[in-house]
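> Handing you this structure, nothing more for now.
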Amino acid sequence: FTGKALLDWLAQHSSSSSSSDRSAAAAQAQQLLSANAVTLVSDKQPAADDVAAVADDEAHRYALRRDAVRAVPWGAALNTHFWWGPAAARPAEVVAEDLRARILALYDKHLSADGRAVSYAALKKDPEFWDYVDATAELQRVDLSPLSREALMAFAINLYNALVIHALVVHGPEQYNSTLGRTGFFQKASRYNIGGNDYVLDDLENGILRGNRPAASSVGMLLKLPFLSKGPFHGDDPRAKHVVQPLDPRIHFALVCGAKSCPPIKLYSAATLEEGLAAAAETFCASDVEVRVSAKKVSSNAAVSFTCRAPGLGRLLQLLRYIACCRLRLRIGSEVAAKLCLLSPLLVHGAGAQCRHWGAGQHQNLNLPGYMNQSPAAAYVWWAATCHNKCVDVCQVNTHTALSRARWQVRLSKIFSWYFPDFGADKAARLRFLLPHLPEGTRDRLAQLLAADPAAKCISVKHKPYDWTINAAE
């Protein structure tokens with residue numbers, strides 16, 4: 001109906017018959033606009049002046065909010081099924097808390113106990129879900145400027161998770177089942193109008209929460225050269241004023257994109273954000289980080305002869321350095337010392353002497369833990385010289401010595417690969433990031449590996465397949 005038709009109807013049904021009926025009708029119409037009972041029909045967000053009052057003409061059209069079609073077209077902001085009226089939005093933290101309470105009530109009814117599955121079909125039939133959808137319209141006029149870093153983080157995380165569910169309910173999960181469909185889902189279909197600007201899921205994650213960094217799907221990130229790509233907010237984009245700095249990598253354990261491999265869904269508040277993110281990191285890493293360690297084996301076969309040429313440490317150090325370079329670290333102790341006595345002939349024979357400690361054709365294996373991490377191999381020289389009180393000779397080693405590398409493997413979620421720069425500058429730094437979030441046993445194993453191999457050159461990192469199956473409970 002037109003603005004003129006609304007004012008005519010209100011004037012006709014006024015209890016007064018005075019000449020001021022039209023003015024009273026205009027005042028009533030403005031109240032209806034402010035309460036969002038009546039909304040302006042427009043293809044784009046109207047300016048504040050356009051919704052300040054009902055226009056008394058045939059050009060402006062209005063509708064009752066209860067008649068608004070909540071299913072907006074693909075690619076349109078999901079909270080623009082009606083335009084927020086002239087009343088100013090409440091403070092962002094208040095709006096965020098209201099939406100948080102509504103989401104919590106819905107999660108209590110439609111989220112599985114472990115937080116990993118959502119009943120989308122039941123949500124679509126729940127009137128409280130559509131009440132939540134109506135409440136998101138207030139985001140159109142929210143001002144993010146007053147939010148603290150923690151409040152902005154909690155706001156964006158909660159809104160991201162809610163937007164995923166909102167989009168899957170409204171648009172259906174069918175398009176989510178392909179790579180191309182998911183690209184459209186994250187970059188176009190899942191969209192909210194916040195403060196007059198549109199934010200898709202990628203904008204909430206990579207723009208706000210990651211401090212305007214390139215998306216995982218960008219060319220630079222795919223090539224592991226993130227500097228080749230930019231974040232979603234360019235130039236004078238007003239959204240660039242509201243980003244989280246510095247980045248907290250733990251957001252990746254809180255964002256739920258709708259797939260089965262995603263973390264459990266939780267709610268976050270500014271007051272308890274640190275505790276919430278710490279708990280999310282521990283829960284995620286406990287189930288998605290594996291550290292595998294096997295024993296390292298040192299073997300020598302055939303005849304091993306040591307022909308001593310002259311006093312000195314050179315040849316022995318060469319042998320020990322060869323062992324050390326393969327990442328074996330020798331911890332001086334009674335058990336290890338006993339095994340190292342196999343090399344004692346090097347220490348007791350004079351110049352020109354020759355010995356065969358292992359007979360021809362014999363095979364000796366030293367099974368040492370792969371993460372012995374305290375002393376370098378050269379410490380053995382000190383130990384041996386002290387125990388035997390002899391001068392170590394330079395020896396020529398006529399042997400075929402083989403060292404099998406230990407299988408030091410860490411298996412991670414692909415989230416650590418997609419967003420690799422968020423967790424550290426290099427592989428070792430990224431592995432150290434995990435330590436405080438791991439269960440005790442896993443943490444100890446990884447700490448031992450990093451102590452033995454600080455640069456993580458011999459630690460293999462593998463990423464588990466990501467299950468993109470929709471996290472629907474049906």
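Letters A, B, ... mark the chains of the structure tokens in the order given; residue numbers begin at 1 per chain; ligand numbers begin at 1, in order shown.
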May I have the residues within 8 Å of A:Glu138 as a list in words, using only C-alpha atoms and disregarding those fewer than 3 positions away in the same chain?
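Counting only the stated atoms, we get Trp84, Ala89, Val95, Ala135, Arg141 and Val142 of chain A.
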> Within 9 Å of stretch 152-165 of chain A, counting only C-alpha atoms, which residues show up once you throw out same-chain ones fewer than 3 positions away? Write them as a VMD selection string, please.
chain A and resid 78 92 to 93 96 to 97 99 to 100 103 118 120 144 147 to 149 168 to 170 185 to 186 190 to 192 200 to 201 204 to 205 208 to 209 242 to 244 251 254 to 258 265 to 270 273
> Include N, CA and C atoms and write out the residues we just selected as a compact mmCIF listing (two decimals), in the first residue's frame.

```txt
# COMPACT_ATOMS: atom_id res chain seq x y z
N LEU A 78 20.59 -11.46 4.39
CA LEU A 78 19.50 -12.25 4.96
C LEU A 78 18.69 -11.50 6.01
N ALA A 92 25.70 -1.71 20.12
CA ALA A 92 26.07 -2.97 19.49
C ALA A 92 26.16 -4.11 20.50
N GLU A 93 26.71 -3.84 21.69
CA GLU A 93 26.84 -4.90 22.68
C GLU A 93 25.48 -5.39 23.15
N ALA A 96 24.05 -7.45 20.32
CA ALA A 96 24.78 -8.72 20.28
C ALA A 96 24.31 -9.65 21.39
N GLU A 97 24.09 -9.11 22.59
CA GLU A 97 23.64 -9.94 23.71
C GLU A 97 22.23 -10.45 23.48
N LEU A 99 20.80 -11.02 20.51
CA LEU A 99 20.90 -12.08 19.50
C LEU A 99 21.53 -13.34 20.11
N ARG A 100 22.51 -13.14 20.97
CA ARG A 100 23.16 -14.27 21.63
C ARG A 100 22.15 -15.07 22.45
N ILE A 103 19.92 -17.01 20.10
CA ILE A 103 20.63 -18.16 19.52
C ILE A 103 20.77 -19.26 20.55
N VAL A 118 23.29 -29.99 13.83
CA VAL A 118 22.16 -29.07 13.93
C VAL A 118 20.96 -29.67 13.21
N TYR A 120 18.42 -28.72 11.10
CA TYR A 120 18.00 -27.60 10.27
C TYR A 120 16.51 -27.67 9.93
N LEU A 144 29.46 -0.27 15.14
CA LEU A 144 30.49 -1.14 15.73
C LEU A 144 31.62 -0.36 16.40
N LEU A 147 32.77 -0.81 20.18
CA LEU A 147 33.11 -2.14 20.68
C LEU A 147 34.60 -2.26 20.98
N SER A 148 34.93 -2.87 22.11
CA SER A 148 36.32 -3.21 22.42
C SER A 148 36.76 -4.37 21.55
N ARG A 149 38.05 -4.65 21.56
CA ARG A 149 38.57 -5.78 20.78
C ARG A 149 37.86 -7.07 21.17
N LEU A 168 21.81 -21.73 5.83
CA LEU A 168 21.49 -23.13 5.51
C LEU A 168 20.00 -23.40 5.68
N VAL A 169 19.37 -22.75 6.63
CA VAL A 169 17.92 -22.94 6.80
C VAL A 169 17.16 -22.28 5.65
N VAL A 170 17.53 -21.04 5.30
CA VAL A 170 16.79 -20.28 4.29
C VAL A 170 17.06 -20.80 2.88
N PHE A 185 28.54 -20.02 -1.26
CA PHE A 185 27.93 -19.95 0.08
C PHE A 185 28.69 -18.98 0.97
N PHE A 186 30.01 -19.07 0.98
CA PHE A 186 30.84 -18.24 1.87
C PHE A 186 31.03 -16.83 1.34
N SER A 190 25.71 -16.17 2.09
CA SER A 190 25.64 -15.94 3.53
C SER A 190 26.07 -14.52 3.83
N ARG A 191 25.08 -13.65 4.06
CA ARG A 191 25.36 -12.21 4.11
C ARG A 191 24.42 -11.53 5.09
N TYR A 192 24.99 -10.65 5.92
CA TYR A 192 24.21 -9.78 6.80
C TYR A 192 24.55 -8.33 6.49
N VAL A 200 29.72 -10.74 4.16
CA VAL A 200 29.54 -12.18 3.94
C VAL A 200 30.38 -12.92 4.97
N LEU A 201 30.29 -14.24 5.00
CA LEU A 201 31.05 -15.02 5.97
C LEU A 201 32.54 -14.75 5.86
N LEU A 204 33.41 -11.53 7.68
CA LEU A 204 33.43 -11.65 9.14
C LEU A 204 34.70 -12.35 9.61
N GLU A 205 35.09 -13.40 8.89
CA GLU A 205 36.27 -14.17 9.30
C GLU A 205 37.57 -13.46 8.93
N ILE A 208 37.10 -8.99 9.65
CA ILE A 208 37.05 -8.55 11.04
C ILE A 208 37.98 -9.38 11.92
N LEU A 209 37.77 -10.68 11.97
CA LEU A 209 38.45 -11.52 12.97
C LEU A 209 39.92 -11.77 12.66
N HIS A 242 36.85 -1.47 11.40
CA HIS A 242 36.42 -2.36 12.48
C HIS A 242 37.01 -3.75 12.26
N VAL A 243 38.29 -3.89 12.58
CA VAL A 243 38.98 -5.17 12.45
C VAL A 243 39.70 -5.48 13.77
N VAL A 244 39.92 -6.74 14.00
CA VAL A 244 40.57 -7.19 15.24
C VAL A 244 42.08 -7.18 15.06
N ILE A 251 40.57 -18.18 17.15
CA ILE A 251 39.26 -17.99 16.52
C ILE A 251 38.91 -19.16 15.61
N ALA A 254 36.76 -21.70 17.05
CA ALA A 254 35.43 -21.24 17.47
C ALA A 254 34.47 -21.05 16.30
N LEU A 255 35.01 -20.85 15.09
CA LEU A 255 34.17 -20.63 13.91
C LEU A 255 33.68 -21.95 13.35
N VAL A 256 32.39 -22.02 13.08
CA VAL A 256 31.76 -23.27 12.61
C VAL A 256 31.12 -23.00 11.25
N CYS A 257 31.68 -23.60 10.21
CA CYS A 257 31.23 -23.30 8.84
C CYS A 257 30.12 -24.22 8.36
N GLY A 258 29.68 -25.15 9.19
CA GLY A 258 28.57 -26.02 8.81
C GLY A 258 28.98 -27.42 8.39
N ILE A 265 29.84 -26.04 18.13
CA ILE A 265 29.29 -24.69 18.22
C ILE A 265 29.17 -24.29 19.68
N LYS A 266 29.70 -23.10 19.99
CA LYS A 266 29.57 -22.54 21.34
C LYS A 266 29.25 -21.05 21.21
N LEU A 267 28.86 -20.45 22.32
CA LEU A 267 28.61 -19.02 22.35
C LEU A 267 29.69 -18.33 23.17
N TYR A 268 30.01 -17.09 22.78
CA TYR A 268 31.11 -16.37 23.41
C TYR A 268 30.63 -14.98 23.86
N SER A 269 31.21 -14.51 24.95
CA SER A 269 30.91 -13.17 25.44
C SER A 269 32.23 -12.44 25.69
N ALA A 270 32.19 -11.12 25.64
CA ALA A 270 33.41 -10.33 25.83
C ALA A 270 34.01 -10.57 27.21
N LEU A 273 35.75 -14.10 27.20
CA LEU A 273 36.27 -14.52 25.89
C LEU A 273 37.54 -15.36 26.03
```
> Excluding same-chain residues fewer than 3 positions from A:Arg239, what lies within 10 Å of it counting only C-alpha atoms, as an MDAnalysis selection string?
chainID A and resid 144 194:199 203 207:208 212 232:234 236 242:243
> I need the residues in stretch 19-190 of chain A that are strand (DSSP E) according to DSSP; give them as a VMD selection string.
chain A and resid 38 to 40 62 to 64
> Extract, using only C-alpha atoms, all DNA, RNA and protein residues at most 6 Å from A:Leu10, discarding same-chain residues fewer than 3 positions from it, and format them as a PyMOL selection string.
chain A and resi 7+13+25
